[in-house]
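Student: My structure file final38.cif, mmCIF, C-alpha atoms, is below:
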```cif
data_input
#
loop_
_atom_site.label_atom_id
_atom_site.label_comp_id
_atom_site.auth_asym_id
_atom_site.auth_seq_id
_atom_site.Cartn_x
_atom_site.Cartn_y
_atom_site.Cartn_z
CA MET X 1 110.16 113.79 128.94
CA LYS X 2 113.13 113.13 126.66
CA GLU X 3 113.24 109.62 125.21
CA ARG X 4 116.05 107.41 126.45
CA ILE X 5 117.94 105.23 124.03
CA ARG X 6 117.83 101.60 125.23
CA ILE X 7 121.21 99.88 125.09
CA ALA X 8 121.52 96.09 125.38
CA VAL X 9 124.75 94.87 126.98
CA GLN X 10 125.90 91.34 127.73
CA LYS X 11 125.21 90.80 131.43
CA SER X 12 128.56 89.17 132.26
CA GLY X 13 131.90 88.18 130.77
CA ARG X 14 134.82 89.93 129.10
CA LEU X 15 132.68 91.52 126.39
CA SER X 16 130.46 93.02 129.07
CA GLU X 17 133.45 94.40 130.99
CA SER X 18 134.99 95.98 127.89
CA THR X 19 131.64 97.45 126.81
CA LEU X 20 130.96 99.02 130.20
CA LYS X 21 134.53 100.38 130.33
CA LEU X 22 134.01 102.10 126.96
CA ILE X 23 130.65 103.54 128.03
CA ARG X 24 132.13 104.93 131.24
CA GLU X 25 135.08 106.41 129.32
CA CYS X 26 132.43 108.19 127.24
CA GLY X 27 131.43 110.00 130.43
CA ILE X 28 128.13 108.12 130.84
CA HIS X 29 127.38 107.22 134.45
CA PHE X 30 124.95 104.64 135.81
CA ASN X 31 124.67 102.16 138.65
CA ASN X 32 124.46 98.51 137.65
CA GLY X 33 124.65 96.78 141.00
CA LYS X 34 125.19 93.04 141.16
CA GLY X 35 122.28 91.08 139.71
CA ARG X 36 120.52 94.11 138.23
CA LEU X 37 119.13 93.60 134.73
CA LYS X 38 118.30 97.24 134.08
CA ALA X 39 119.95 100.59 134.83
CA VAL X 40 119.37 104.23 133.91
CA SER X 41 122.05 106.85 133.32
CA HIS X 42 121.67 110.05 135.30
CA ASN X 43 123.77 112.20 132.94
CA PHE X 44 122.89 110.85 129.47
CA PRO X 45 119.53 109.86 127.92
CA ALA X 46 120.21 106.12 128.06
CA GLU X 47 118.75 103.03 129.67
CA PHE X 48 120.79 99.83 129.90
CA LEU X 49 119.45 96.29 129.62
CA PHE X 50 121.75 93.45 130.76
CA LEU X 51 120.99 90.35 128.70
CA ARG X 52 122.41 87.06 127.42
CA ASP X 53 124.55 87.78 124.37
CA ASP X 54 122.60 85.32 122.19
CA ASP X 55 119.38 87.21 122.94
CA ILE X 56 120.63 90.71 122.11
CA PRO X 57 120.20 90.60 118.29
CA GLY X 58 116.57 89.48 118.69
CA TYR X 59 115.78 92.17 121.26
CA VAL X 60 117.28 94.81 118.96
CA GLU X 61 115.35 93.54 115.93
CA ASP X 62 112.10 93.62 117.92
CA GLY X 63 112.75 97.12 119.24
CA VAL X 64 112.91 96.10 122.89
CA ALA X 65 116.42 97.56 122.74
CA ASP X 66 117.42 100.29 120.29
CA ILE X 67 121.07 99.30 120.08
CA GLY X 68 123.22 96.53 121.48
CA VAL X 69 126.82 95.37 121.74
CA VAL X 70 127.54 91.77 120.68
CA GLY X 71 130.28 89.77 119.06
CA GLU X 72 130.19 89.95 115.27
CA ASN X 73 130.00 86.15 115.29
CA VAL X 74 126.74 86.28 117.27
CA MET X 75 125.26 88.91 114.96
CA LEU X 76 126.02 86.81 111.87
CA GLU X 77 124.84 83.54 113.40
CA LYS X 78 121.50 84.92 114.57
CA GLU X 79 120.73 86.51 111.15
CA LYS X 80 118.39 89.11 112.64
CA ASP X 81 117.24 92.17 110.68
CA VAL X 82 119.46 94.73 112.40
CA SER X 83 121.93 97.39 111.27
CA LEU X 84 125.67 97.07 111.81
CA ILE X 85 126.45 100.53 113.17
CA LYS X 86 130.08 100.33 114.25
CA LYS X 87 132.92 97.89 114.80
CA LEU X 88 134.32 98.55 118.27
CA GLY X 89 137.83 97.11 118.07
CA PHE X 90 137.81 94.99 121.24
CA SER X 91 136.95 91.39 122.19
CA LYS X 92 138.70 90.19 119.05
CA CYS X 93 138.60 86.46 118.34
CA ARG X 94 138.14 84.04 115.47
CA LEU X 95 135.74 81.26 114.59
CA SER X 96 137.84 78.26 113.61
CA LEU X 97 137.71 74.59 112.75
CA ALA X 98 139.79 72.25 114.88
CA ILE X 99 140.66 68.57 114.75
CA ALA X 100 142.48 66.10 116.99
CA ARG X 101 146.10 67.12 117.51
CA ASP X 102 147.44 63.79 116.25
CA LYS X 103 145.58 63.95 112.91
CA GLU X 104 147.15 65.16 109.67
CA TYR X 105 145.51 68.09 107.88
CA SER X 106 145.88 68.73 104.17
CA GLY X 107 143.15 71.30 103.55
CA VAL X 108 139.51 72.21 103.99
CA GLN X 109 138.46 69.29 101.81
CA ASP X 110 139.38 67.00 104.71
CA PHE X 111 136.07 67.96 106.34
CA GLU X 112 134.03 66.26 103.59
CA GLY X 113 131.64 63.84 105.29
CA MET X 114 132.89 64.61 108.80
CA ASN X 115 130.76 64.97 111.92
CA ILE X 116 131.40 68.47 113.30
CA ALA X 117 130.18 69.93 116.59
CA THR X 118 129.52 73.65 116.70
CA SER X 119 127.48 76.44 118.26
CA TYR X 120 127.54 78.28 114.92
CA PRO X 121 125.78 76.03 112.39
CA ARG X 122 124.57 78.86 110.11
CA ILE X 123 128.02 80.41 109.65
CA LEU X 124 129.68 77.02 109.25
CA ASN X 125 127.09 75.74 106.81
CA LYS X 126 127.50 78.86 104.65
CA PHE X 127 131.28 78.42 104.71
CA PHE X 128 131.02 74.79 103.59
CA GLU X 129 128.52 75.66 100.87
CA GLU X 130 130.97 78.19 99.43
CA LYS X 131 133.70 75.53 99.48
CA GLY X 132 131.47 72.81 98.01
CA ILE X 133 131.84 70.59 101.07
CA LYS X 134 129.14 68.41 102.63
CA ALA X 135 129.52 67.63 106.32
CA HIS X 136 127.27 66.58 109.19
CA LEU X 137 126.81 69.41 111.70
CA HIS X 138 125.82 68.79 115.31
CA GLU X 139 124.62 71.96 117.06
CA ILE X 140 125.50 72.13 120.75
CA SER X 141 125.32 75.17 123.01
CA GLY X 142 128.43 74.76 125.11
CA SER X 143 131.59 72.76 125.86
CA VAL X 144 132.09 72.19 122.13
CA GLU X 145 135.74 71.18 122.59
CA ILE X 146 134.82 67.98 124.45
CA ALA X 147 132.78 66.58 121.55
CA PRO X 148 135.61 64.59 119.82
CA SER X 149 136.80 62.97 123.06
CA ILE X 150 133.32 61.62 123.87
CA GLY X 151 132.72 60.37 120.32
CA LEU X 152 130.11 62.97 119.35
CA ALA X 153 132.12 64.48 116.51
CA ASP X 154 135.33 64.21 114.50
CA ALA X 155 136.02 67.94 114.63
CA VAL X 156 134.72 71.16 116.17
CA CYS X 157 134.02 74.69 115.03
CA ASP X 158 134.19 77.22 117.85
CA ILE X 159 135.40 80.63 118.97
CA VAL X 160 139.15 80.81 119.60
CA SER X 161 141.08 83.55 121.40
CA SER X 162 144.41 82.17 122.62
CA GLY X 163 143.88 78.53 121.56
CA SER X 164 144.64 77.23 125.07
CA THR X 165 141.20 75.60 125.48
CA LEU X 166 141.64 73.65 122.25
CA LEU X 167 145.12 72.59 123.30
CA SER X 168 143.96 71.38 126.71
CA ASN X 169 141.33 69.22 124.99
CA GLY X 170 143.78 67.60 122.58
CA LEU X 171 142.75 69.70 119.54
CA LYS X 172 144.54 71.91 117.05
CA GLU X 173 143.18 74.83 115.05
CA VAL X 174 143.43 74.20 111.31
CA GLU X 175 141.07 76.59 109.50
CA THR X 176 139.82 80.11 110.31
CA ILE X 177 136.29 80.78 109.09
CA LEU X 178 135.67 84.23 110.51
CA LYS X 179 137.54 86.99 112.33
CA SER X 180 135.26 88.64 114.85
CA GLU X 181 135.18 91.58 117.25
CA ALA X 182 132.61 93.47 119.29
CA VAL X 183 130.11 95.41 117.17
CA LEU X 184 127.38 97.93 117.85
CA ILE X 185 124.11 96.90 116.21
CA GLY X 186 120.90 98.90 115.93
CA ASN X 187 117.17 98.67 115.32
CA LYS X 188 116.20 99.95 111.88
CA ALA X 189 113.21 101.98 113.08
CA MET X 190 114.50 104.21 115.88
CA SER X 191 112.74 107.50 116.60
CA ASP X 192 114.46 110.76 115.68
CA GLU X 193 115.08 111.52 119.35
CA ARG X 194 116.79 108.19 119.93
CA LEU X 195 118.80 108.57 116.74
CA GLN X 196 120.02 111.89 118.09
CA ALA X 197 121.14 110.17 121.31
CA LEU X 198 122.85 107.47 119.21
CA ASN X 199 124.78 110.10 117.26
CA GLN X 200 125.91 111.72 120.51
CA LEU X 201 127.05 108.32 121.79
CA LEU X 202 128.96 107.58 118.56
CA PHE X 203 130.68 110.97 118.76
CA ARG X 204 131.90 110.14 122.27
CA MET X 205 132.97 106.62 121.31
CA ASP X 206 135.00 107.94 118.36
CA ALA X 207 136.74 110.47 120.63
CA VAL X 208 137.67 107.76 123.18
CA GLN X 209 138.87 105.28 120.57
CA LYS X 210 140.95 107.83 118.66
CA GLY X 211 142.53 108.88 121.94
CA SER X 212 143.42 105.31 122.92
CA ASN X 213 145.06 104.64 119.53
CA ASN X 214 147.22 107.77 119.62
CA LYS X 215 149.88 109.22 121.89
CA TYR X 216 150.95 112.76 122.69
CA VAL X 217 154.72 113.03 122.13
CA LEU X 218 156.92 115.77 123.56
CA LEU X 219 160.64 116.02 122.90
CA ASN X 220 163.52 118.46 123.04
CA ALA X 221 165.81 119.03 120.07
CA PRO X 222 168.54 121.39 118.88
CA ALA X 223 167.09 124.23 116.80
CA ASP X 224 169.14 123.18 113.76
CA ALA X 225 167.60 119.67 113.92
CA THR X 226 163.99 120.85 114.24
CA ASP X 227 163.11 120.68 110.55
CA THR X 228 164.59 117.17 110.24
CA ILE X 229 162.58 115.93 113.24
CA ILE X 230 159.38 117.52 111.94
CA ASP X 231 159.89 115.64 108.67
CA ILE X 232 160.22 112.36 110.61
CA LEU X 233 157.12 112.88 112.77
CA PRO X 234 153.95 111.53 111.04
CA GLY X 235 151.68 113.60 113.26
CA MET X 236 148.41 115.40 112.64
CA ARG X 237 149.05 118.43 110.42
CA SER X 238 152.01 120.37 111.81
CA PRO X 239 153.75 119.74 115.17
CA THR X 240 153.90 122.51 117.75
CA VAL X 241 157.38 124.03 118.18
CA LEU X 242 158.20 126.10 121.28
CA PRO X 243 161.56 127.65 122.16
CA LEU X 244 163.19 126.45 125.38
CA ALA X 245 164.79 128.74 127.95
CA MET X 246 168.14 127.30 126.82
CA PRO X 247 169.20 129.14 123.64
CA GLY X 248 169.38 127.01 120.49
CA TRP X 249 166.87 124.38 121.68
CA ASN X 250 163.19 123.78 120.95
CA SER X 251 160.42 121.68 122.45
CA ILE X 252 158.45 119.79 119.78
CA HIS X 253 154.93 118.46 120.48
CA SER X 254 152.97 116.11 118.23
CA VAL X 255 150.21 113.48 118.23
CA ILE X 256 151.05 110.20 116.51
CA LYS X 257 149.76 106.65 116.38
CA GLU X 258 151.42 104.43 118.95
CA ASP X 259 152.57 101.87 116.35
CA GLU X 260 154.15 104.63 114.26
CA PHE X 261 156.05 105.93 117.27
CA TRP X 262 157.87 102.63 117.76
CA GLU X 263 158.79 102.63 114.08
CA ILE X 264 160.47 106.07 114.21
CA ILE X 265 161.93 106.30 117.73
CA GLU X 266 165.46 105.43 116.59
CA GLN X 267 165.25 108.00 113.76
CA LEU X 268 164.20 110.69 116.23
CA LYS X 269 167.12 109.90 118.54
CA ASP X 270 169.60 109.81 115.65
CA ALA X 271 168.32 113.22 114.52
CA GLY X 272 169.12 114.68 117.95
CA ALA X 273 165.86 114.33 119.91
CA GLU X 274 166.24 114.15 123.69
CA GLY X 275 163.94 113.91 126.71
CA ILE X 276 161.23 112.14 124.72
CA LEU X 277 157.94 111.83 126.61
CA VAL X 278 155.01 109.70 125.43
CA VAL X 279 151.70 110.60 127.12
CA PRO X 280 148.37 108.74 126.88
CA ILE X 281 145.43 110.64 125.38
CA GLU X 282 142.10 110.21 127.14
CA LYS X 283 139.96 111.57 124.29
CA MET X 284 140.69 113.10 120.91
CA ILE X 285 138.25 115.16 118.85
CA LEU X 286 139.14 116.05 115.28
#
```
Starting from the file, give its structure as structure tokens.

Tutor:
Amino acid sequence: MKERIRIAVQKSGRLSESTLKLIRECGIHFNNGKGRLKAVSHNFPAEFLFLRDDDIPGYVEDGVADIGVVGENVMLEKEKDVSLIKKLGFSKCRLSLAIARDKEYSGVQDFEGMNIATSYPRILNKFFEEKGIKAHLHEISGSVEIAPSIGLADAVCDIVSSGSTLLSNGLKEVETILKSEAVLIGNKAMSDERLQALNQLLFRMDAVQKGSNNKYVLLNAPADATDTIIDILPGMRSPTVLPLAMPGWNSIHSVIKEDEFWEIIEQLKDAGAEGILVVPIEKMIL
């Protein structure tokens, strides 16, 4: 029987939702009914374990799971002996220091001697060591933002996405320690068969992610403007040019990054492009 690669996924939350969305876009199907902690794919050699995010690095190090998806912040804080296989580009956030909104801030040296509440003492301690700052860290597992208002700490160090939670607790973000995103981590002693499954999974992930970052662009242009428009388009290799039924006009097709499209749209129109269509790409294989 072919070995299944064991994939650890956070059992709930936004990171879990984004991870499962990516896996399904890779064409991997499985049934993870409510409350289930384990599922098996019926069309890919994979078994899924649904775990607490803090536990995933340890399970991967121990070989209970072969690979896992966690926040980069969790991987660094847990300091487990695992491989960083791939940054996934979603669930982006930052680990930041915050103080009371009514306090002045002149720089990181203000944290000298402060009491700071955090769920990330290892990362924060390393940051302060590099800056030559000595502070008193209080490790707490949740509701870090409330610590200053109940007199537990003078400041906090926690994960920030929009900053609204800090704001609602009378805090302001003053120093970013780490920028984080979802990462794929792996056990360092996988069997050849499971490594083969991992490589297949990475191939699919790359195809999905390249597709989501690019758009298929179709436009019509006068034949005498075709060369100018081709020079403007930053697409892959050479665009496709097809003659239209109307004499003197061509249809030009290209694949470009979405951000680049918005930078050149006015140039395309000024050069004579008409009927511009921008189409999502489900998957892209180079």

Student: Rounded to one decimal place, report the atom CA of Pro280 of chain X-atom CA of Val9 of chain X distance in Å.

Tutor: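 Between atom CA of Pro280 of chain X and atom CA of Val9 of chain X the gap is 27.4 Å.
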
Student: When you look at Gly272 of chain X with a cut-off of 6 Å (counting all atoms listed in the file), what residues show up, excluding the ones that are within fewer than 2 positions of it in the same chain? I need them as a ChimeraX atom specification.

Tutor: /X:221,269-270

Student: Which of these residues is nearest to Ala207 of chain X, using all atoms listed in the file: X:His138, X:Arg52, X:Lys283, X:Lys172?

Tutor: X:Lys283

Student: If you count all atoms listed in the file, which residues fall within 7 Å of Lys257 of chain X, apart from same-chain ones fewer than 5 positions away, as a ChimeraX atom specification?

Tutor: /X:213-215

Student: Carefully work through the PyMOL selection byres ((chain X and resi 55-64) around 9) for this structure and note down the residues it includes, as a ChimeraX atom specification.

Tutor: /X:6-10,51-54,65-70,74-75,78-83,185-190

Student: Given the block above, output segment 57-88 of chain X with N, CA and C atoms as a PDB file, in the first residue's frame.

Tutor:
```
ATOM      1  N   PRO X  57       4.224  22.356  15.223  1.00  0.00           N
ATOM      2  CA  PRO X  57       5.675  22.195  15.061  1.00  0.00           C
ATOM      3  C   PRO X  57       6.235  20.983  15.808  1.00  0.00           C
ATOM      4  N   GLY X  58       5.716  20.712  17.009  1.00  0.00           N
ATOM      5  CA  GLY X  58       6.185  19.560  17.778  1.00  0.00           C
ATOM      6  C   GLY X  58       5.804  18.245  17.132  1.00  0.00           C
ATOM      7  N   TYR X  59       4.583  18.155  16.619  1.00  0.00           N
ATOM      8  CA  TYR X  59       4.149  16.932  15.935  1.00  0.00           C
ATOM      9  C   TYR X  59       4.986  16.683  14.682  1.00  0.00           C
ATOM     10  N   VAL X  60       5.335  17.751  13.971  1.00  0.00           N
ATOM     11  CA  VAL X  60       6.155  17.596  12.764  1.00  0.00           C
ATOM     12  C   VAL X  60       7.574  17.181  13.134  1.00  0.00           C
ATOM     13  N   GLU X  61       8.137  17.787  14.169  1.00  0.00           N
ATOM     14  CA  GLU X  61       9.482  17.403  14.610  1.00  0.00           C
ATOM     15  C   GLU X  61       9.522  15.930  15.010  1.00  0.00           C
ATOM     16  N   ASP X  62       8.494  15.465  15.701  1.00  0.00           N
ATOM     17  CA  ASP X  62       8.457  14.084  16.188  1.00  0.00           C
ATOM     18  C   ASP X  62       8.093  13.074  15.111  1.00  0.00           C
ATOM     19  N   GLY X  63       7.650  13.542  13.948  1.00  0.00           N
ATOM     20  CA  GLY X  63       7.297  12.635  12.871  1.00  0.00           C
ATOM     21  C   GLY X  63       5.879  12.108  12.937  1.00  0.00           C
ATOM     22  N   VAL X  64       5.083  12.608  13.882  1.00  0.00           N
ATOM     23  CA  VAL X  64       3.665  12.234  13.919  1.00  0.00           C
ATOM     24  C   VAL X  64       2.982  12.770  12.656  1.00  0.00           C
ATOM     25  N   ALA X  65       3.377  13.978  12.263  1.00  0.00           N
ATOM     26  CA  ALA X  65       2.977  14.546  10.974  1.00  0.00           C
ATOM     27  C   ALA X  65       4.241  14.751  10.146  1.00  0.00           C
ATOM     28  N   ASP X  66       4.113  14.580   8.831  1.00  0.00           N
ATOM     29  CA  ASP X  66       5.272  14.784   7.956  1.00  0.00           C
ATOM     30  C   ASP X  66       5.471  16.252   7.627  1.00  0.00           C
ATOM     31  N   ILE X  67       4.370  16.940   7.389  1.00  0.00           N
ATOM     32  CA  ILE X  67       4.407  18.371   7.093  1.00  0.00           C
ATOM     33  C   ILE X  67       3.261  19.046   7.824  1.00  0.00           C
ATOM     34  N   GLY X  68       3.333  20.359   7.941  1.00  0.00           N
ATOM     35  CA  GLY X  68       2.267  21.088   8.608  1.00  0.00           C
ATOM     36  C   GLY X  68       2.248  22.533   8.161  1.00  0.00           C
ATOM     37  N   VAL X  69       1.089  23.166   8.289  1.00  0.00           N
ATOM     38  CA  VAL X  69       0.948  24.587   7.956  1.00  0.00           C
ATOM     39  C   VAL X  69       0.713  25.363   9.249  1.00  0.00           C
ATOM     40  N   VAL X  70       1.602  26.323   9.521  1.00  0.00           N
ATOM     41  CA  VAL X  70       1.492  27.164  10.718  1.00  0.00           C
ATOM     42  C   VAL X  70       1.887  28.587  10.355  1.00  0.00           C
ATOM     43  N   GLY X  71       1.627  29.506  11.267  1.00  0.00           N
ATOM     44  CA  GLY X  71       2.147  30.848  11.100  1.00  0.00           C
ATOM     45  C   GLY X  71       3.658  30.833  11.330  1.00  0.00           C
ATOM     46  N   GLU X  72       4.374  31.643  10.574  1.00  0.00           N
ATOM     47  CA  GLU X  72       5.825  31.723  10.752  1.00  0.00           C
ATOM     48  C   GLU X  72       6.177  32.110  12.178  1.00  0.00           C
ATOM     49  N   ASN X  73       5.332  32.930  12.803  1.00  0.00           N
ATOM     50  CA  ASN X  73       5.548  33.341  14.192  1.00  0.00           C
ATOM     51  C   ASN X  73       5.537  32.140  15.132  1.00  0.00           C
ATOM     52  N   VAL X  74       4.625  31.195  14.895  1.00  0.00           N
ATOM     53  CA  VAL X  74       4.543  29.992  15.733  1.00  0.00           C
ATOM     54  C   VAL X  74       5.766  29.116  15.522  1.00  0.00           C
ATOM     55  N   MET X  75       6.178  28.958  14.267  1.00  0.00           N
ATOM     56  CA  MET X  75       7.369  28.153  13.970  1.00  0.00           C
ATOM     57  C   MET X  75       8.600  28.698  14.695  1.00  0.00           C
ATOM     58  N   LEU X  76       8.778  30.021  14.647  1.00  0.00           N
ATOM     59  CA  LEU X  76       9.960  30.624  15.269  1.00  0.00           C
ATOM     60  C   LEU X  76       9.887  30.574  16.789  1.00  0.00           C
ATOM     61  N   GLU X  77       8.699  30.749  17.349  1.00  0.00           N
ATOM     62  CA  GLU X  77       8.557  30.746  18.804  1.00  0.00           C
ATOM     63  C   GLU X  77       8.793  29.357  19.382  1.00  0.00           C
ATOM     64  N   LYS X  78       8.325  28.325  18.702  1.00  0.00           N
ATOM     65  CA  LYS X  78       8.447  26.963  19.226  1.00  0.00           C
ATOM     66  C   LYS X  78       9.864  26.411  19.085  1.00  0.00           C
ATOM     67  N   GLU X  79      10.647  26.917  18.154  1.00  0.00           N
ATOM     68  CA  GLU X  79      12.057  26.525  17.983  1.00  0.00           C
ATOM     69  C   GLU X  79      12.228  25.013  17.865  1.00  0.00           C
ATOM     70  N   LYS X  80      11.362  24.368  17.102  1.00  0.00           N
ATOM     71  CA  LYS X  80      11.475  22.927  16.878  1.00  0.00           C
ATOM     72  C   LYS X  80      12.402  22.652  15.697  1.00  0.00           C
ATOM     73  N   ASP X  81      12.954  21.447  15.665  1.00  0.00           N
ATOM     74  CA  ASP X  81      13.904  21.072  14.613  1.00  0.00           C
ATOM     75  C   ASP X  81      13.134  20.603  13.381  1.00  0.00           C
ATOM     76  N   VAL X  82      12.625  21.571  12.614  1.00  0.00           N
ATOM     77  CA  VAL X  82      11.851  21.271  11.414  1.00  0.00           C
ATOM     78  C   VAL X  82      12.420  22.076  10.240  1.00  0.00           C
ATOM     79  N   SER X  83      12.043  21.689   9.037  1.00  0.00           N
ATOM     80  CA  SER X  83      12.476  22.409   7.842  1.00  0.00           C
ATOM     81  C   SER X  83      11.407  23.405   7.409  1.00  0.00           C
ATOM     82  N   LEU X  84      11.833  24.593   7.021  1.00  0.00           N
ATOM     83  CA  LEU X  84      10.920  25.554   6.396  1.00  0.00           C
ATOM     84  C   LEU X  84      10.891  25.221   4.908  1.00  0.00           C
ATOM     85  N   ILE X  85       9.777  24.689   4.440  1.00  0.00           N
ATOM     86  CA  ILE X  85       9.682  24.221   3.062  1.00  0.00           C
ATOM     87  C   ILE X  85       9.227  25.323   2.108  1.00  0.00           C
ATOM     88  N   LYS X  86       8.218  26.084   2.536  1.00  0.00           N
ATOM     89  CA  LYS X  86       7.651  27.064   1.603  1.00  0.00           C
ATOM     90  C   LYS X  86       6.859  28.119   2.359  1.00  0.00           C
ATOM     91  N   LYS X  87       7.030  29.380   1.965  1.00  0.00           N
ATOM     92  CA  LYS X  87       6.154  30.443   2.450  1.00  0.00           C
ATOM     93  C   LYS X  87       4.928  30.473   1.552  1.00  0.00           C
ATOM     94  N   LEU X  88       3.741  30.568   2.167  1.00  0.00           N
ATOM     95  CA  LEU X  88       2.506  30.352   1.421  1.00  0.00           C
ATOM     96  C   LEU X  88       1.781  31.623   0.996  1.00  0.00           C
TER      97      LEU X  88
END
```
